[in-house]
Each structure stands twice: as structure tokens, then as C-alpha cells.
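Q: Data file query.tsv (TSV, C-alpha atoms) is appended below.
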chain	number	residue	atom	x	y	z
A	1	ALA	CA	136.88	69.81	36.46
A	2	PRO	CA	139.53	67.71	34.76
A	3	ALA	CA	141.57	65.54	37.07
A	4	ALA	CA	145.32	65.75	37.32
A	5	GLY	CA	146.85	64.42	34.16
A	6	SER	CA	143.89	65.31	31.96
A	7	GLY	CA	144.48	67.24	28.77
A	8	PRO	CA	142.98	68.29	25.47
A	9	ALA	CA	140.79	65.80	23.69
A	10	ALA	CA	138.62	67.93	21.42
A	11	GLY	CA	140.10	68.64	18.02
A	12	GLY	CA	142.71	65.89	18.13
A	13	ALA	CA	145.84	65.05	20.05
A	14	PRO	CA	147.61	67.42	22.48
A	15	ALA	CA	149.48	70.39	21.09
A	16	ALA	CA	152.82	69.66	19.46
A	17	ALA	CA	155.97	69.89	21.54
A	18	ALA	CA	159.14	71.67	20.56
A	19	ALA	CA	160.85	70.36	17.46
A	20	SER	CA	163.02	67.30	17.98
A	21	ASP	CA	165.55	65.50	15.83
A	22	GLU	CA	164.27	62.16	17.08
A	23	PRO	CA	161.59	60.28	15.15
A	24	SER	CA	158.11	60.59	16.60
A	25	LEU	CA	155.28	58.14	17.02
A	26	SER	CA	153.85	56.64	13.83
A	27	LEU	CA	152.43	53.35	12.65
A	28	GLN	CA	155.28	52.81	10.21
A	29	GLN	CA	158.00	53.40	12.79
A	30	PHE	CA	156.38	50.90	15.14
A	31	GLY	CA	156.17	48.32	12.38
A	32	PHE	CA	152.38	48.05	12.41
A	33	ARG	CA	151.03	45.81	9.67
A	34	PRO	CA	147.30	45.12	9.29
A	35	SER	CA	148.02	41.43	8.69
A	36	ILE	CA	149.69	41.22	12.11
A	37	PHE	CA	147.66	43.54	14.30
A	38	THR	CA	144.14	42.85	13.06
A	39	ARG	CA	141.66	40.40	14.43
A	40	LYS	CA	138.36	39.07	13.09
A	41	GLY	CA	136.34	41.87	11.51
A	42	GLY	CA	139.36	43.92	10.45
A	43	ARG	CA	140.17	45.35	13.87
A	44	LEU	CA	143.49	47.16	14.29
A	45	VAL	CA	144.60	46.34	17.84
A	46	LEU	CA	146.86	49.12	19.14
A	47	ASN	CA	147.76	48.03	22.68
A	48	GLY	CA	150.08	45.23	21.68
A	49	ARG	CA	153.52	46.59	22.51
A	50	ARG	CA	154.06	43.88	25.11
A	51	LEU	CA	153.14	40.22	24.95
A	52	LEU	CA	152.06	39.12	28.40
A	53	PHE	CA	153.15	35.65	29.46
A	54	GLN	CA	153.10	33.95	32.84
A	55	PRO	CA	153.89	35.27	35.40
A	56	GLU	CA	153.13	38.68	33.82
A	57	LEU	CA	149.54	37.66	33.09
A	58	ALA	CA	148.98	36.49	36.63
A	59	ALA	CA	150.50	39.67	38.05
A	60	ALA	CA	148.48	41.93	35.76
A	61	SER	CA	145.24	40.11	36.56
A	62	ARG	CA	145.68	41.06	40.22
A	63	LEU	CA	145.93	44.78	39.43
A	64	ASP	CA	143.01	47.09	40.12
A	65	ALA	CA	141.27	47.43	36.74
A	66	CYS	CA	139.96	50.95	37.37
A	67	GLU	CA	143.37	52.20	38.46
A	68	CYS	CA	145.03	50.61	35.41
A	69	ALA	CA	142.61	52.41	33.07
A	70	ALA	CA	143.00	55.71	34.95
A	71	ARG	CA	146.79	55.47	34.78
A	72	ALA	CA	146.75	54.68	31.06
A	73	LEU	CA	144.56	57.73	30.39
A	74	ARG	CA	146.73	60.04	32.48
A	75	LEU	CA	149.80	58.89	30.56
A	76	ALA	CA	148.01	59.21	27.20
A	77	LEU	CA	146.91	62.77	27.93
A	78	ALA	CA	150.44	63.72	28.98
A	79	LEU	CA	151.96	62.79	25.60
A	80	ASP	CA	153.03	65.46	23.15
A	81	GLU	CA	151.93	65.20	19.53
A	82	ALA	CA	155.54	64.69	18.42
A	83	GLU	CA	156.64	62.51	21.33
A	84	PRO	CA	160.08	61.01	20.48
A	85	LEU	CA	160.36	57.22	20.40
A	86	SER	CA	162.96	57.25	23.18
A	87	SER	CA	160.63	59.14	25.52
A	88	PRO	CA	160.11	57.36	28.87
A	89	ARG	CA	156.58	58.80	28.91
A	90	LEU	CA	155.76	57.07	25.63
A	91	VAL	CA	157.15	53.74	26.79
A	92	ALA	CA	155.27	54.04	30.09
A	93	PHE	CA	152.02	54.77	28.25
A	94	LEU	CA	152.38	51.87	25.81
A	95	ASP	CA	153.16	49.50	28.69
A	96	ALA	CA	150.13	50.78	30.61
A	97	ALA	CA	147.91	50.24	27.56
A	98	SER	CA	149.29	46.71	27.19
A	99	SER	CA	148.52	45.90	30.83
A	100	LEU	CA	144.80	46.39	30.11
A	101	LYS	CA	144.84	43.10	28.21
A	102	ALA	CA	145.03	41.11	31.43
A	103	VAL	CA	142.83	43.03	33.90
A	104	ARG	CA	139.85	41.20	35.38
A	105	LEU	CA	136.43	42.77	34.83
A	106	ASP	CA	134.18	40.13	36.39
A	107	GLY	CA	134.24	41.68	39.85
A	108	LEU	CA	133.37	45.26	38.85
A	109	ASP	CA	130.03	46.85	39.74
A	110	GLU	CA	128.19	49.22	37.39
A	111	GLU	CA	129.89	52.41	38.60
A	112	GLN	CA	133.32	50.81	38.41
A	113	LYS	CA	132.63	49.50	34.89
A	114	LEU	CA	131.38	52.90	33.74
A	115	ALA	CA	134.46	54.70	35.08
A	116	PHE	CA	136.76	52.00	33.69
A	117	PHE	CA	135.32	51.98	30.17
A	118	LEU	CA	135.06	55.77	29.91
A	119	ASN	CA	138.78	55.98	30.70
A	120	VAL	CA	139.57	53.19	28.22
A	121	TYR	CA	137.53	54.93	25.50
A	122	HIS	CA	139.39	58.22	25.89
A	123	THR	CA	142.73	56.39	26.09
A	124	MET	CA	141.95	54.70	22.77
A	125	ILE	CA	140.99	58.04	21.21
A	126	GLN	CA	144.24	59.68	22.31
A	127	HIS	CA	146.29	56.64	21.26
A	128	ALA	CA	144.70	56.51	17.80
A	129	TYR	CA	144.98	60.25	17.20
A	130	SER	CA	148.65	60.19	18.20
A	131	LEU	CA	149.31	57.43	15.66
A	132	LEU	CA	146.96	58.31	12.82
A	133	GLY	CA	145.58	61.77	13.42
A	134	PRO	CA	141.84	62.47	13.27
A	135	PRO	CA	139.83	61.13	10.31
A	136	SER	CA	139.41	63.69	7.55
A	137	SER	CA	136.00	62.70	6.20
A	138	LEU	CA	132.78	60.99	7.22
A	139	LEU	CA	133.67	57.77	5.41
A	140	LYS	CA	137.11	57.71	7.00
A	141	ALA	CA	135.54	58.35	10.40
A	142	ILE	CA	133.26	55.32	9.99
A	143	SER	CA	136.28	53.17	9.15
A	144	PHE	CA	138.33	54.73	11.98
A	145	PHE	CA	135.80	54.01	14.74
A	146	ASN	CA	135.04	50.52	13.43
A	147	THR	CA	138.72	49.57	13.06
A	148	ILE	CA	140.74	51.04	15.96
A	149	ALA	CA	140.66	48.44	18.74
A	150	TYR	CA	142.08	47.44	22.11
A	151	GLN	CA	142.39	44.04	23.72
A	152	VAL	CA	140.98	44.40	27.24
A	153	GLY	CA	140.14	41.81	29.87
A	154	GLY	CA	140.61	38.90	27.48
A	155	ASP	CA	138.36	40.33	24.74
A	156	VAL	CA	138.72	42.76	21.82
A	157	PHE	CA	136.56	45.73	20.87
A	158	THR	CA	136.74	48.67	18.51
A	159	LEU	CA	135.90	52.23	19.50
A	160	ALA	CA	132.43	51.77	17.97
A	161	GLU	CA	131.90	48.48	19.82
A	162	LEU	CA	133.04	50.01	23.10
A	163	GLU	CA	130.64	52.93	22.71
A	164	HIS	CA	127.56	51.19	21.34
A	165	ASN	CA	127.88	47.61	22.59
A	166	VAL	CA	129.44	48.19	26.01
A	167	LEU	CA	128.83	51.72	27.30
A	168	ARG	CA	125.51	52.31	25.51
A	169	ALA	CA	124.41	48.67	25.51
A	170	PRO	CA	121.35	49.31	27.74
A	171	SER	CA	120.30	52.41	25.77
A	172	CYS	CA	118.07	52.59	22.71
A	173	ARG	CA	120.01	52.22	19.49
A	174	PRO	CA	119.75	54.92	16.78
A	175	LYS	CA	116.79	54.27	14.47
A	176	SER	CA	118.15	55.78	11.27
A	177	PHE	CA	118.53	53.52	8.26
A	178	PHE	CA	122.21	54.50	7.93
A	179	SER	CA	122.99	53.46	11.53
A	180	LYS	CA	121.80	49.92	10.88
A	181	TRP	CA	124.65	49.47	8.40
A	182	VAL	CA	127.54	51.13	10.25
A	183	LEU	CA	126.97	50.31	13.93
A	184	PRO	CA	128.42	46.99	15.16
A	185	LYS	CA	126.21	44.23	16.51
A	186	SER	CA	128.75	42.57	18.82
A	187	SER	CA	127.81	41.55	22.37
A	188	TYR	CA	130.02	41.50	25.47
A	189	SER	CA	129.51	39.81	28.82
A	190	PHE	CA	130.88	42.87	30.64
A	191	ALA	CA	128.55	45.39	28.94
A	192	LEU	CA	126.79	47.90	31.16
A	193	THR	CA	123.21	47.11	32.16
A	194	THR	CA	122.01	50.53	33.37
A	195	ALA	CA	121.52	53.43	30.95
A	196	ASP	CA	122.89	56.86	31.90
A	197	TYR	CA	121.93	59.90	29.79
A	198	ARG	CA	125.07	61.71	30.97
A	199	LEU	CA	127.12	59.51	28.62
A	200	ASN	CA	125.95	61.87	25.86
A	201	PHE	CA	128.07	64.58	27.46
A	202	ALA	CA	130.88	62.45	28.91
A	203	LEU	CA	132.03	60.69	25.72
A	204	SER	CA	134.49	62.84	23.77
A	205	CYS	CA	135.58	61.49	20.39
A	206	GLY	CA	137.88	64.43	19.72
A	207	SER	CA	135.44	66.41	17.59
A	208	ALA	CA	135.29	70.19	17.75
A	209	SER	CA	131.85	70.04	19.37
A	210	GLY	CA	133.16	68.19	22.42
A	211	LEU	CA	134.66	69.65	25.56
A	212	ALA	CA	138.31	70.67	25.37
A	213	THR	CA	139.32	68.40	28.26
A	214	VAL	CA	138.21	65.08	29.71
A	215	PRO	CA	138.40	64.02	33.35
A	216	VAL	CA	140.09	60.88	34.55
A	217	TYR	CA	137.03	59.15	36.00
A	218	GLN	CA	137.12	57.64	39.49
A	219	PRO	CA	134.36	55.27	40.70
A	220	THR	CA	134.06	57.04	44.06
A	221	LEU	CA	133.62	60.44	42.35
A	222	LEU	CA	131.79	59.28	39.25
A	223	GLY	CA	128.40	60.85	39.91
A	224	ALA	CA	129.87	64.27	40.65
A	225	GLN	CA	132.24	64.05	37.68
A	226	LEU	CA	129.43	63.14	35.26
A	227	ASP	CA	127.25	65.96	36.62
A	228	ALA	CA	130.12	68.42	36.18
A	229	VAL	CA	130.77	67.32	32.58
A	230	ALA	CA	127.06	67.52	31.71
A	231	SER	CA	126.81	70.99	33.27
A	232	ALA	CA	129.92	72.22	31.46
A	233	PHE	CA	128.68	70.91	28.11
A	234	LEU	CA	125.23	72.45	28.51
A	235	ALA	CA	126.67	75.77	29.72
A	236	ARG	CA	128.78	75.93	26.56
A	237	THR	CA	126.13	74.87	24.07
A	238	VAL	CA	122.74	75.91	25.45
A	239	ALA	CA	121.38	79.43	25.95
A	240	VAL	CA	118.10	80.16	27.71
A	241	SER	CA	116.20	83.40	27.15
A	242	CYS	CA	113.07	84.49	28.96
A	243	ARG	CA	110.35	86.71	27.57
A	244	SER	CA	107.08	87.91	28.90
A	245	GLY	CA	104.08	86.08	27.55
A	246	GLY	CA	101.18	87.91	25.98
A	247	GLY	CA	97.49	87.20	25.88
A	248	GLY	CA	95.81	84.87	28.32
A	249	GLY	CA	98.78	82.74	29.30
A	250	GLY	CA	100.85	85.34	31.05
A	251	GLY	CA	103.70	82.84	31.40
A	252	ASP	CA	107.42	83.34	30.82
Starting from the file, lay out its structure as C-alpha cells.

A:
Amino acid sequence: APAAGSGPAAGGAPAAAAASDEPSLSLQQFGFRPSIFTRKGGRLVLNGRRLLFQPELAAASRLDACECAARALRLALALDEAEPLSSPRLVAFLDAASSLKAVRLDGLDEEQKLAFFLNVYHTMIQHAYSLLGPPSSLLKAISFFNTIAYQVGGDVFTLAELEHNVLRAPSCRPKSFFSKWVLPKSSYSFALTTADYRLNFALSCGSASGLATVPVYQPTLLGAQLDAVASAFLARTVAVSCRSGGGGGGGD
């Protein structure tokens, strides 16, 4: 079941709040310019509201990485679609996303990394949908997932890089000819090393086929949370019917 602070992910950002006279979140209002917020490869880095200097960097590096990612996701899922710019919730979320730039990942074990990066992935999805809305076509979706990026732990990755080169790094890559052209080939020192089939059910990119909510993953509860998500997805999408066999088999 979703943890406290979880909210809708499938189909886009959370439902719109009541109308407000204040301006709401948008790239233009935040002054985003591709020439400023992109890095090598055309990445659009979204978690740059705050520049972290010493002693901020030193303080942030001592924070618990998993708790930072969990807090950022809780705040992201609590935002309304038309969150006003003066909203304390919006400022708190953007600051939490910025703090991910300085967390240390070198001491995390596999379960901690999996929980951390699942929460970062869903935070990025919510952040991007709040700013840009969901992509409206396949070509725009390819650009979306290969452009939207976060700076985390001293490195930068897009949504596609986080999914395929960090979370799914130990898994077999898709074999289709099309995938060879659109999937990134980056490598990261903090990538996972153990494959987990439950990622197929846990990752929610906001599409209509995904679950309506996502949990805030905790390392100590990760196995149970992944089992619950897999069970919920299969219960919604798979139907099993039994029929009596005929002839010699006699099986069901």
C-alpha cells in the first residue's frame, strides 16, 4: 500500500487544486533556459533551484541519502497541479530536490540503492510532469525521457539513464533494433549490480497502464513493498481462468 505522502502517478501530475490568482509552476516562470540548465548530451537538469556551496555541501553530504530521496518524493506527491509559486510546499520540494545533488552514495548497499533510486525516479517524473506535463506523442516521449535530468550524488542522469543504466543496469537490455538507437549507453559507478524482476512493476512513468499510486520506498521494508506492488499490478492486469481438460490429459 502507498506510504504516507504518496499520491497519483499514473496519467500525469496530481489533480488540480482550486483556482488561484497566483501564477503556478512553469518553466518560463522559473526562468529555465536550455543554454543554462543543460549539460553534455542535451540534459535538462531540473533540481537546480539552490546552488550548494560550503558549508552547505558538507552539511548535505552528511544527510541520510535514502531519507533525502524519500522526503523529496513525499513533497513531490503532495504538490497540486496548479501549485502557486509562493507555496511553502513548492519551495520545500524544490529545496529537497536540490539537496540530492550533495548526498553520498558510496556507502549504500543494494537494497538502499534500489529504494533510493526508485524514489528519485518517481520524484523526477512528478517534477517533470508538474513543469511540462506528460509527453503527447511517442517521439516527444523519447525526447522527454532522454532529456529530463537530475544532478544526484555528484553526477547527472536523465530519466532514461536512471532507468536503464542505473536501476536496470544488471538486467538484459531490450534487443529490438529501435532500442539500440534510443536507449542511452552511459555508465555509472553507483549502478545496481543485482537484477530484480519486480522493477517491471515498481517503475511508474505516469502512463495509464501503471498503478495509480506509488509507495515511498524504505530500505527496511523494500522486499514487502516490491511484493505488494507486483501483486497489485498483476491483480489489476492478469486474469486466470480454469477449464476442465478433455482427452487423455485430464488436467486443468

Q: Ala228 (chain A): which residues within 10 Å, counting only C-alpha atoms, same-chain residues fewer than 5 positions away excluded, as an MDAnalysis selection string?

A: chainID A and resid 1:2 198 201:202 215 222:223 233:234

Q: Take the residues just selected and output them with C-alpha atoms as a CSV table (one decimal), in the frame of the given file.

A:
chain,number,residue,atom,x,y,z
A,1,ALA,CA,136.9,69.8,36.5
A,2,PRO,CA,139.5,67.7,34.8
A,198,ARG,CA,125.1,61.7,31.0
A,201,PHE,CA,128.1,64.6,27.5
A,202,ALA,CA,130.9,62.4,28.9
A,215,PRO,CA,138.4,64.0,33.4
A,222,LEU,CA,131.8,59.3,39.2
A,223,GLY,CA,128.4,60.8,39.9
A,233,PHE,CA,128.7,70.9,28.1
A,234,LEU,CA,125.2,72.4,28.5

Q: Can you build me a table of region 162-229 of chain A residues sitting at most 10 Å from region 72-96 of chain A, with the closest atom pair per residue and its distance in Å to one decimal, using only C-alpha atoms, sorted by chain and residue number, as JSON lines?

A:
{"residue": "A:Thr213", "atom": "CA", "partner": "A:Leu77", "partner_atom": "CA", "distance": 9.5}
{"residue": "A:Val214", "atom": "CA", "partner": "A:Leu77", "partner_atom": "CA", "distance": 9.2}
{"residue": "A:Pro215", "atom": "CA", "partner": "A:Arg74", "partner_atom": "CA", "distance": 9.3}
{"residue": "A:Val216", "atom": "CA", "partner": "A:Leu73", "partner_atom": "CA", "distance": 6.9}
{"residue": "A:Tyr217", "atom": "CA", "partner": "A:Leu73", "partner_atom": "CA", "distance": 9.5}

Q: Looking at A:Val240, A:Leu63, A:Ala169, A:Leu221, which one is nearest to Gly153 (chain A), with distances taken over all atoms listed in the file?

A: A:Leu63

Q: Report the distance between CA of Leu199 (chain A) and CA of Asn146 (chain A) in Å, rounded to one decimal place.

A: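 One can read the CA of Leu199 (chain A) to CA of Asn146 (chain A) distance as 19.3 Å.
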
Q: Go through region 153-216 of chain A and flag each residue having an atom no more than 12 Å from region 114-120 of chain A; for those, report the closest pair of atoms plus their distance in Å to one decimal, using only C-alpha atoms, ordered by chain and rising number, as a Markdown table.

A:
| residue | atom | partner | partner_atom | distance |
| --- | --- | --- | --- | --- |
| A:Gly153 | CA | A:Phe117 | CA | 11.3 |
| A:Phe157 | CA | A:Val120 | CA | 10.9 |
| A:Thr158 | CA | A:Val120 | CA | 11.1 |
| A:Leu159 | CA | A:Val120 | CA | 9.5 |
| A:Glu161 | CA | A:Phe117 | CA | 11.4 |
| A:Leu162 | CA | A:Phe117 | CA | 7.7 |
| A:Glu163 | CA | A:Phe117 | CA | 8.9 |
| A:His164 | CA | A:Phe117 | CA | 11.8 |
| A:Asn165 | CA | A:Phe117 | CA | 11.5 |
| A:Val166 | CA | A:Phe117 | CA | 8.1 |
| A:Leu167 | CA | A:Leu114 | CA | 7.0 |
| A:Arg168 | CA | A:Leu114 | CA | 10.1 |
| A:Ala169 | CA | A:Leu114 | CA | 11.6 |
| A:Phe190 | CA | A:Phe117 | CA | 10.1 |
| A:Ala191 | CA | A:Leu114 | CA | 9.4 |
| A:Leu192 | CA | A:Leu114 | CA | 7.3 |
| A:Thr193 | CA | A:Leu114 | CA | 10.1 |
| A:Thr194 | CA | A:Leu114 | CA | 9.7 |
| A:Ala195 | CA | A:Leu114 | CA | 10.3 |
| A:Asp196 | CA | A:Leu114 | CA | 9.5 |
| A:Arg198 | CA | A:Leu114 | CA | 11.2 |
| A:Leu199 | CA | A:Leu118 | CA | 8.9 |
| A:Asn200 | CA | A:Leu118 | CA | 11.7 |
| A:Phe201 | CA | A:Leu118 | CA | 11.5 |
| A:Ala202 | CA | A:Leu118 | CA | 7.9 |
| A:Leu203 | CA | A:Leu118 | CA | 7.1 |
| A:Ser204 | CA | A:Leu118 | CA | 9.4 |
| A:Cys205 | CA | A:Leu118 | CA | 11.1 |
| A:Val214 | CA | A:Asn119 | CA | 9.2 |
| A:Pro215 | CA | A:Asn119 | CA | 8.5 |
| A:Val216 | CA | A:Asn119 | CA | 6.4 |

Q: Print the selection's residues with C-alpha atoms to a file, as a short mmCIF file (atom, residue, chain, number, x, y, z; two decimals), keeping the file's coordinate frame.

A:
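Now in result31.cif:
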data_model
loop_
_atom_site.label_atom_id
_atom_site.label_comp_id
_atom_site.auth_asym_id
_atom_site.auth_seq_id
_atom_site.Cartn_x
_atom_site.Cartn_y
_atom_site.Cartn_z
CA GLY A 153 140.14 41.81 29.87
CA PHE A 157 136.56 45.73 20.87
CA THR A 158 136.74 48.67 18.51
CA LEU A 159 135.90 52.23 19.50
CA GLU A 161 131.90 48.48 19.82
CA LEU A 162 133.04 50.01 23.10
CA GLU A 163 130.64 52.93 22.71
CA HIS A 164 127.56 51.19 21.34
CA ASN A 165 127.88 47.61 22.59
CA VAL A 166 129.44 48.19 26.01
CA LEU A 167 128.83 51.72 27.30
CA ARG A 168 125.51 52.31 25.51
CA ALA A 169 124.41 48.67 25.51
CA PHE A 190 130.88 42.87 30.64
CA ALA A 191 128.55 45.39 28.94
CA LEU A 192 126.79 47.90 31.16
CA THR A 193 123.21 47.11 32.16
CA THR A 194 122.01 50.53 33.37
CA ALA A 195 121.52 53.43 30.95
CA ASP A 196 122.89 56.86 31.90
CA ARG A 198 125.07 61.71 30.97
CA LEU A 199 127.12 59.51 28.62
CA ASN A 200 125.95 61.87 25.86
CA PHE A 201 128.07 64.58 27.46
CA ALA A 202 130.88 62.45 28.91
CA LEU A 203 132.03 60.69 25.72
CA SER A 204 134.49 62.84 23.77
CA CYS A 205 135.58 61.49 20.39
CA VAL A 214 138.21 65.08 29.71
CA PRO A 215 138.40 64.02 33.35
CA VAL A 216 140.09 60.88 34.55
#

Q: Show me, as a PyMOL selection string, the residues that have an atom within 12 Å of Asn47 (chain A) when counting only C-alpha atoms, minus same-chain residues fewer than 5 positions from it.

A: chain A and resi 30+32+37-38+52+72+91+93-102+120+123-124+127-128+131+148-152+156-158

Q: Could you save the residues just selected, with C-alpha atoms, as a PDB file, in the frame of the given file?

A:
ATOM      1  CA  PHE A  30     156.380  50.900  15.140  1.00  0.00           C
ATOM      2  CA  PHE A  32     152.380  48.050  12.410  1.00  0.00           C
ATOM      3  CA  PHE A  37     147.660  43.540  14.300  1.00  0.00           C
ATOM      4  CA  THR A  38     144.140  42.850  13.060  1.00  0.00           C
ATOM      5  CA  LEU A  52     152.060  39.120  28.400  1.00  0.00           C
ATOM      6  CA  ALA A  72     146.750  54.680  31.060  1.00  0.00           C
ATOM      7  CA  VAL A  91     157.150  53.740  26.790  1.00  0.00           C
ATOM      8  CA  PHE A  93     152.020  54.770  28.250  1.00  0.00           C
ATOM      9  CA  LEU A  94     152.380  51.870  25.810  1.00  0.00           C
ATOM     10  CA  ASP A  95     153.160  49.500  28.690  1.00  0.00           C
ATOM     11  CA  ALA A  96     150.130  50.780  30.610  1.00  0.00           C
ATOM     12  CA  ALA A  97     147.910  50.240  27.560  1.00  0.00           C
ATOM     13  CA  SER A  98     149.290  46.710  27.190  1.00  0.00           C
ATOM     14  CA  SER A  99     148.520  45.900  30.830  1.00  0.00           C
ATOM     15  CA  LEU A 100     144.800  46.390  30.110  1.00  0.00           C
ATOM     16  CA  LYS A 101     144.840  43.100  28.210  1.00  0.00           C
ATOM     17  CA  ALA A 102     145.030  41.110  31.430  1.00  0.00           C
ATOM     18  CA  VAL A 120     139.570  53.190  28.220  1.00  0.00           C
ATOM     19  CA  THR A 123     142.730  56.390  26.090  1.00  0.00           C
ATOM     20  CA  MET A 124     141.950  54.700  22.770  1.00  0.00           C
ATOM     21  CA  HIS A 127     146.290  56.640  21.260  1.00  0.00           C
ATOM     22  CA  ALA A 128     144.700  56.510  17.800  1.00  0.00           C
ATOM     23  CA  LEU A 131     149.310  57.430  15.660  1.00  0.00           C
ATOM     24  CA  ILE A 148     140.740  51.040  15.960  1.00  0.00           C
ATOM     25  CA  ALA A 149     140.660  48.440  18.740  1.00  0.00           C
ATOM     26  CA  TYR A 150     142.080  47.440  22.110  1.00  0.00           C
ATOM     27  CA  GLN A 151     142.390  44.040  23.720  1.00  0.00           C
ATOM     28  CA  VAL A 152     140.980  44.400  27.240  1.00  0.00           C
ATOM     29  CA  VAL A 156     138.720  42.760  21.820  1.00  0.00           C
ATOM     30  CA  PHE A 157     136.560  45.730  20.870  1.00  0.00           C
ATOM     31  CA  THR A 158     136.740  48.670  18.510  1.00  0.00           C
TER      32      THR A 158
END

Q: Rounded to one decimal, what separation in Å do you get between CA of Pro170 (chain A) and CA of Leu108 (chain A)?

A: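 CA of Leu108 (chain A) lies at a distance of 16.9 Å from CA of Pro170 (chain A).
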
Q: What gap, in Å, lies between CA of Thr147 (chain A) and CA of Gly42 (chain A)?

A: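 A separation of 6.3 Å between them.
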
Q: Select, from A:Ala232, A:Ala65, A:Phe145, A:Pro134, the residue with the minimum atom-to-atom distance to Ala212 (chain A), counting only C-alpha atoms.

A: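 Looking at the shortest contact to Ala212 (chain A), the residue is A:Ala232.
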
Q: Using all atoms listed in the file, find the one residue out of A:Gln218, A:Thr237, A:Ser171, A:Ser231 that sits nearest to Tyr197 (chain A).

A: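 Residue with the minimum atom-to-atom distance to Tyr197 (chain A): A:Ser171.
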